file model-v6.pdb (PDB, C-alpha atoms)
ATOM      1  CA  MET A  13       2.244  12.392 -18.500
ATOM      2  CA  VAL A  14      -1.533  12.479 -18.134
ATOM      3  CA  TYR A  15      -2.957  10.715 -15.074
ATOM      4  CA  ASP A  16      -4.976   7.596 -15.967
ATOM      5  CA  ASP A  17      -7.817   7.188 -13.453
ATOM      6  CA  GLN A  18      -8.140   3.534 -14.521
ATOM      7  CA  ASN A  19      -4.768   2.513 -13.059
ATOM      8  CA  ILE A  20      -4.876  -0.298 -10.515
ATOM      9  CA  PHE A  21      -4.147   1.924  -7.488
ATOM     10  CA  ALA A  22      -6.927   4.357  -8.421
ATOM     11  CA  LYS A  23      -9.289   1.382  -8.649
ATOM     12  CA  ILE A  24      -8.084   0.087  -5.260
ATOM     13  CA  ILE A  25      -8.645   3.517  -3.664
ATOM     14  CA  ARG A  26     -12.178   3.604  -5.106
ATOM     15  CA  GLY A  27     -12.858   0.086  -3.797
ATOM     16  CA  GLN A  28     -13.269  -1.382  -7.277
ATOM     17  CA  ILE A  29     -10.419  -3.856  -6.723
ATOM     18  CA  PRO A  30      -9.860  -5.518  -3.336
ATOM     19  CA  CYS A  31      -6.675  -5.140  -1.339
ATOM     20  CA  GLU A  32      -5.289  -6.363   1.953
ATOM     21  CA  LYS A  33      -5.704  -3.031   3.741
ATOM     22  CA  LEU A  34      -3.411  -2.068   6.598
ATOM     23  CA  PHE A  35      -4.860   1.356   7.374
ATOM     24  CA  GLU A  36      -6.616   4.245   5.733
ATOM     25  CA  ASN A  37      -7.476   7.847   6.485
ATOM     26  CA  GLU A  38      -8.817  10.730   4.426
ATOM     27  CA  TYR A  39      -5.410  11.254   2.775
ATOM     28  CA  VAL A  40      -3.783   7.847   2.251
ATOM     29  CA  LEU A  41      -4.340   4.127   1.917
ATOM     30  CA  ALA A  42      -1.757   1.546   3.003
ATOM     31  CA  PHE A  43      -1.999  -2.042   1.776
ATOM     32  CA  MET A  44       0.042  -5.157   1.073
ATOM     33  CA  ASP A  45       1.948  -5.524  -2.187
ATOM     34  CA  ILE A  46       0.643  -8.680  -3.885
ATOM     35  CA  MET A  47       4.014  -9.239  -5.593
ATOM     36  CA  PRO A  48       6.286  -8.728  -2.588
ATOM     37  CA  GLN A  49      10.048  -8.541  -2.799
ATOM     38  CA  VAL A  50      10.262  -9.456   0.929
ATOM     39  CA  ASP A  51       7.768 -10.636   3.531
ATOM     40  CA  GLY A  52       5.922  -7.562   4.767
ATOM     41  CA  HIS A  53       6.332  -5.545   1.545
ATOM     42  CA  CYS A  54       3.557  -2.965   1.528
ATOM     43  CA  LEU A  55       2.565   0.224  -0.245
ATOM     44  CA  VAL A  56       1.299   3.645   0.760
ATOM     45  CA  VAL A  57      -0.664   5.658  -1.805
ATOM     46  CA  PRO A  58      -2.116   9.131  -1.501
ATOM     47  CA  LYS A  59      -5.774   9.445  -2.384
ATOM     48  CA  ARG A  60      -5.108  12.610  -4.381
ATOM     49  CA  THR A  61      -4.113  11.858  -7.933
ATOM     50  CA  SER A  62      -0.696  12.301  -9.495
ATOM     51  CA  THR A  63       1.432  10.041 -11.639
ATOM     52  CA  GLY A  64       4.387  10.351  -9.276
ATOM     53  CA  LEU A  65       6.307  12.504  -6.852
ATOM     54  CA  LEU A  66       7.311  15.058  -9.464
ATOM     55  CA  ASP A  67       3.781  16.110 -10.446
ATOM     56  CA  ALA A  68       2.147  15.733  -7.018
ATOM     57  CA  ASP A  69       0.771  18.677  -5.083
ATOM     58  CA  PRO A  70       3.281  19.309  -2.258
ATOM     59  CA  ASP A  71       0.379  19.233   0.227
ATOM     60  CA  VAL A  72       0.270  15.458  -0.359
ATOM     61  CA  PHE A  73       3.743  14.867   1.075
ATOM     62  CA  SER A  74       3.158  15.491   4.774
ATOM     63  CA  PRO A  75       0.325  12.965   5.255
ATOM     64  CA  LEU A  76       1.937  10.530   2.787
ATOM     65  CA  PHE A  77       5.310  10.432   4.503
ATOM     66  CA  ALA A  78       3.778  10.460   7.989
ATOM     67  CA  ALA A  79       1.988   7.265   6.914
ATOM     68  CA  VAL A  80       5.193   5.851   5.410
ATOM     69  CA  GLN A  81       7.028   6.494   8.696
ATOM     70  CA  ARG A  82       4.229   4.883  10.723
ATOM     71  CA  LEU A  83       4.201   1.843   8.444
ATOM     72  CA  GLY A  84       7.994   1.622   8.426
ATOM     73  CA  LYS A  85       8.068   1.424  12.212
ATOM     74  CA  ALA A  86       5.287  -1.169  12.231
ATOM     75  CA  THR A  87       6.889  -3.405   9.595
ATOM     76  CA  GLN A  88      10.261  -3.244  11.308
ATOM     77  CA  SER A  89       8.631  -4.311  14.574
ATOM     78  CA  ALA A  90       6.310  -6.925  13.037
ATOM     79  CA  PHE A  91       9.122  -8.714  11.224
ATOM     80  CA  ASP A  92      11.871  -8.076  13.802
ATOM     81  CA  ALA A  93      13.782  -6.455  10.947
ATOM     82  CA  ASP A  94      17.200  -4.833  11.075
ATOM     83  CA  GLY A  95      16.064  -1.969   8.858
ATOM     84  CA  VAL A  96      13.450  -0.756   6.405
ATOM     85  CA  THR A  97      13.819   0.016   2.717
ATOM     86  CA  ILE A  98      11.643   2.883   1.499
ATOM     87  CA  MET A  99      11.462   3.201  -2.304
ATOM     88  CA  GLN A 100       9.620   5.507  -4.658
ATOM     89  CA  PHE A 101       9.996   5.513  -8.471
ATOM     90  CA  ASN A 102       9.178   8.231 -11.017
ATOM     91  CA  GLY A 103       8.715   7.258 -14.654
ATOM     92  CA  ALA A 104       9.107   4.032 -16.575
ATOM     93  CA  ALA A 105      12.847   4.597 -17.005
ATOM     94  CA  ALA A 106      13.161   4.669 -13.201
ATOM     95  CA  GLY A 107      11.258   1.398 -12.792
ATOM     96  CA  GLN A 108       7.749   2.751 -12.137
ATOM     97  CA  THR A 109       5.067   0.371 -13.411
ATOM     98  CA  VAL A 110       1.901   1.859 -11.878
ATOM     99  CA  PHE A 111       1.545   5.549 -12.642
ATOM    100  CA  HIS A 112      -0.070   6.685  -9.396
ATOM    101  CA  LEU A 113       2.265   8.078  -6.735
ATOM    102  CA  HIS A 114       3.132   5.266  -4.310
ATOM    103  CA  VAL A 115       5.823   4.415  -1.791
ATOM    104  CA  HIS A 116       7.150   0.912  -1.136
ATOM    105  CA  VAL A 117       7.872  -0.015   2.500
ATOM    106  CA  MET A 118       9.912  -3.186   3.023
ATOM    107  CA  PRO A 119      11.263  -4.594   6.280
ATOM    108  CA  ARG A 120      14.841  -5.804   5.771
ATOM    109  CA  HIS A 121      17.148  -8.277   7.449
ATOM    110  CA  SER A 122      20.935  -7.961   7.175
ATOM    111  CA  GLY A 123      22.354 -10.144   4.433
ATOM    112  CA  VAL A 124      18.965 -11.013   2.902
ATOM    113  CA  PRO A 125      18.605  -9.619  -0.635
ATOM    114  CA  LEU A 126      15.352  -8.396  -2.132
ATOM    115  CA  LYS A 127      13.605 -10.869  -4.406
ATOM    116  CA  THR A 128      13.262  -9.694  -7.972
ATOM    117  CA  HIS A 129       9.961  -8.118  -8.932
ATOM    118  CA  SER A 130       8.861 -11.127 -10.965
ATOM    119  CA  GLY A 131       5.243 -10.264 -11.650
ATOM    120  CA  THR A 132       4.165 -13.432  -9.832
ATOM    121  CA  MET A 133       1.520 -12.951  -7.153
ATOM    122  CA  GLU A 134       2.211 -14.270  -3.653
ATOM    123  CA  ASP A 135      -0.107 -16.816  -2.043
ATOM    124  CA  ILE A 136      -3.010 -14.830  -0.556
ATOM    125  CA  GLU A 137      -2.783 -16.678   2.766
ATOM    126  CA  ILE A 138       0.819 -15.526   3.205
ATOM    127  CA  ILE A 139      -0.187 -11.962   2.349
ATOM    128  CA  LYS A 140      -3.021 -12.103   4.892
ATOM    129  CA  LYS A 141      -0.738 -13.558   7.587
ATOM    130  CA  ASN A 142       1.841 -10.816   6.995
ATOM    131  CA  ALA A 143      -0.877  -8.145   6.988
ATOM    132  CA  ASP A 144      -2.138  -9.411  10.353
ATOM    133  CA  LEU A 145       1.376  -9.076  11.795
ATOM    134  CA  ILE A 146       1.607  -5.492  10.566
ATOM    135  CA  ARG A 147      -1.883  -4.567  11.786
ATOM    136  CA  LYS A 148      -0.972  -5.905  15.261
ATOM    137  CA  ALA A 149       2.198  -3.804  15.254
ATOM    138  CA  LEU A 150       0.186  -0.749  14.165
ATOM    139  CA  ALA A 151      -2.274  -1.354  17.016
ATOM    140  CA  MET A 152       0.646  -1.537  19.473
ATOM    141  CA  GLN A 153       1.848   1.888  18.236
ATOM    142  CA  GLU A 154      -1.549   3.336  19.130
ATOM    143  CA  GLY A 155      -1.647   1.324  22.340
TER     144      GLY A 155
END
call {"tool": "encode", "arguments": {"input": "model-v6.pdb", "output": "structure tokens"}}
result
Amino acid sequence: MVYDDQNIFAKIIRGQIPCEKLFENEYVLAFMDIMPQVDGHCLVVPKRTSTGLLDADPDVFSPLFAAVQRLGKATQSAFDADGVTIMQFNGAAAGQTVFHLHVHVMPRHSGVPLKTHSGTMEDIEIIKKNADLIRKALAMQEG
């Protein structure tokens, strides 16, 4: 598959589309998912282009998964969660809908199922409130 530099995550990385940013460095950008399956659902994307894990340069993985781990700890703390679901899809048949490598990070509570990915955007105020909780937890990690 050829990488499309007009995909929504590429546009977010370039600042052409706004996002509720959690953190950013030279390698990755972490931001809230606007169609969350749970409160605190967020995404980590590498800034280097690839359609998914299978065509990514292996040099991308270390900073990407370091960021995923950092965000996983922060979301678990911010939402007093029992665990964290980390998901990554490769190809349409696997459920991938945006063809830029990305990792979903979702705080989870025992017995609470994921909402379906309905395509309906969450209220922006809820997204902002959840982002603030995560940013506070990230600041505590650095603390």
call {"tool": "closest_residue", "arguments": {"input": "model-v6.pdb", "among": "A:Ala151, A:Leu83, A:Ala104, A:Leu145", "to": "Met118 in chain A", "atoms": "all atoms listed in the file"}}
result
A:Leu83
call {"tool": "residues_around", "arguments": {"input": "model-v6.pdb", "residues": "Arg60 in chain A", "least_positions_apart": "2", "cutoff": "10 Å", "atoms": "all atoms listed in the file", "output": "short mmCIF file (atom, residue, chain, number, x, y, z; two decimals) with C-alpha atoms, keeping the file's coordinate frame"}}
result
data_model
loop_
_atom_site.label_atom_id
_atom_site.label_comp_id
_atom_site.auth_asym_id
_atom_site.auth_seq_id
_atom_site.Cartn_x
_atom_site.Cartn_y
_atom_site.Cartn_z
CA ALA A 22 -6.93 4.36 -8.42
CA ILE A 25 -8.64 3.52 -3.66
CA GLU A 38 -8.82 10.73 4.43
CA TYR A 39 -5.41 11.25 2.78
CA VAL A 40 -3.78 7.85 2.25
CA VAL A 57 -0.66 5.66 -1.80
CA PRO A 58 -2.12 9.13 -1.50
CA SER A 62 -0.70 12.30 -9.49
CA ALA A 68 2.15 15.73 -7.02
CA ASP A 69 0.77 18.68 -5.08
CA ASP A 71 0.38 19.23 0.23
CA VAL A 72 0.27 15.46 -0.36
CA HIS A 112 -0.07 6.68 -9.40
CA LEU A 113 2.26 8.08 -6.74
#
call {"tool": "closest_residue", "arguments": {"input": "model-v6.pdb", "among": "A:Ser122, A:Thr109, A:Val115, A:Thr63", "to": "Phe77 in chain A", "atoms": "all atoms listed in the file"}}
result
A:Val115
call {"tool": "atom_distance", "arguments": {"input": "model-v6.pdb", "atom1": "CA of Val14 in chain A", "atom2": "CA of Ala105 in chain A"}}
result
16.4 Å
call {"tool": "closest_residue", "arguments": {"input": "model-v6.pdb", "among": "A:Val124, A:Ile98, A:Met133, A:Leu41", "to": "Leu76 in chain A", "atoms": "all atoms listed in the file"}}
result
A:Leu41
call {"tool": "atom_distance", "arguments": {"input": "model-v6.pdb", "atom1": "CA of Ile24 in chain A", "atom2": "CA of Phe73 in chain A"}}
result
20.0 Å
call {"tool": "residues_around", "arguments": {"input": "model-v6.pdb", "residues": "Ile139 in chain A", "least_positions_apart": "2", "cutoff": "9 Å", "atoms": "all atoms listed in the file", "output": "list in words"}}
result
Glu32, Met44, Asp45, Ile46, Pro48, Asp51, Gly52, Glu134, Asp135, Ile136, Glu137, Lys141, Asn142, Ala143 and Asp144 of chain A
call {"tool": "closest_residue", "arguments": {"input": "model-v6.pdb", "among": "A:His116, A:Ile29, A:Ile138, A:Ala149", "to": "Gln88 in chain A", "atoms": "all atoms listed in the file"}}
result
A:Ala149
call {"tool": "atom_distance", "arguments": {"input": "model-v6.pdb", "atom1": "CA of Ser89 in chain A", "atom2": "CA of Val56 in chain A"}}
result
17.5 Å
call {"tool": "residues_near_point", "arguments": {"input": "model-v6.pdb", "point": "(12.0, -8.2, -2.2)", "cutoff": "6 Å", "atoms": "all atoms listed in the file", "output": "PyMOL selection string"}}
result
chain A and resi 48-50+126-127
call {"tool": "closest_residue", "arguments": {"input": "model-v6.pdb", "among": "A:Pro125, A:Gly131, A:Pro119, A:Gly84", "to": "Ala42 in chain A", "atoms": "all atoms listed in the file"}}
result
A:Gly84
call {"tool": "closest_residue", "arguments": {"input": "model-v6.pdb", "among": "A:Asn102, A:Thr61, A:Met13, A:His53", "to": "Arg26 in chain A", "atoms": "all atoms listed in the file"}}
result
A:Thr61
call {"tool": "resolve_selection", "arguments": {"input": "model-v6.pdb", "expression": "the PyMOL selection byres ((chain A and resi 110) around 8)", "output": "CSV table (one decimal) with C-alpha atoms, in the frame of the given file"}}
result
chain,number,residue,atom,x,y,z
A,19,ASN,CA,-4.8,2.5,-13.1
A,20,ILE,CA,-4.9,-0.3,-10.5
A,21,PHE,CA,-4.1,1.9,-7.5
A,108,GLN,CA,7.7,2.8,-12.1
A,109,THR,CA,5.1,0.4,-13.4
A,111,PHE,CA,1.5,5.5,-12.6
A,112,HIS,CA,-0.1,6.7,-9.4
call {"tool": "axis_aligned_box", "arguments": {"input": "model-v6.pdb", "around": "range 46-59 of chain A", "padding_each_side": "3 Å", "output": "JSON"}}
result
{"center_x": 2.2, "center_y": -0.6, "center_z": -0.4, "size_x": 22.0, "size_y": 26.1, "size_z": 16.4}
call {"tool": "residues_around", "arguments": {"input": "model-v6.pdb", "residues": "Ala86 in chain A", "least_positions_apart": "5", "cutoff": "8 Å", "atoms": "all atoms listed in the file", "output": "list in words"}}
result
Ile146, Arg147, Ala149, Leu150 and Gln153 of chain A
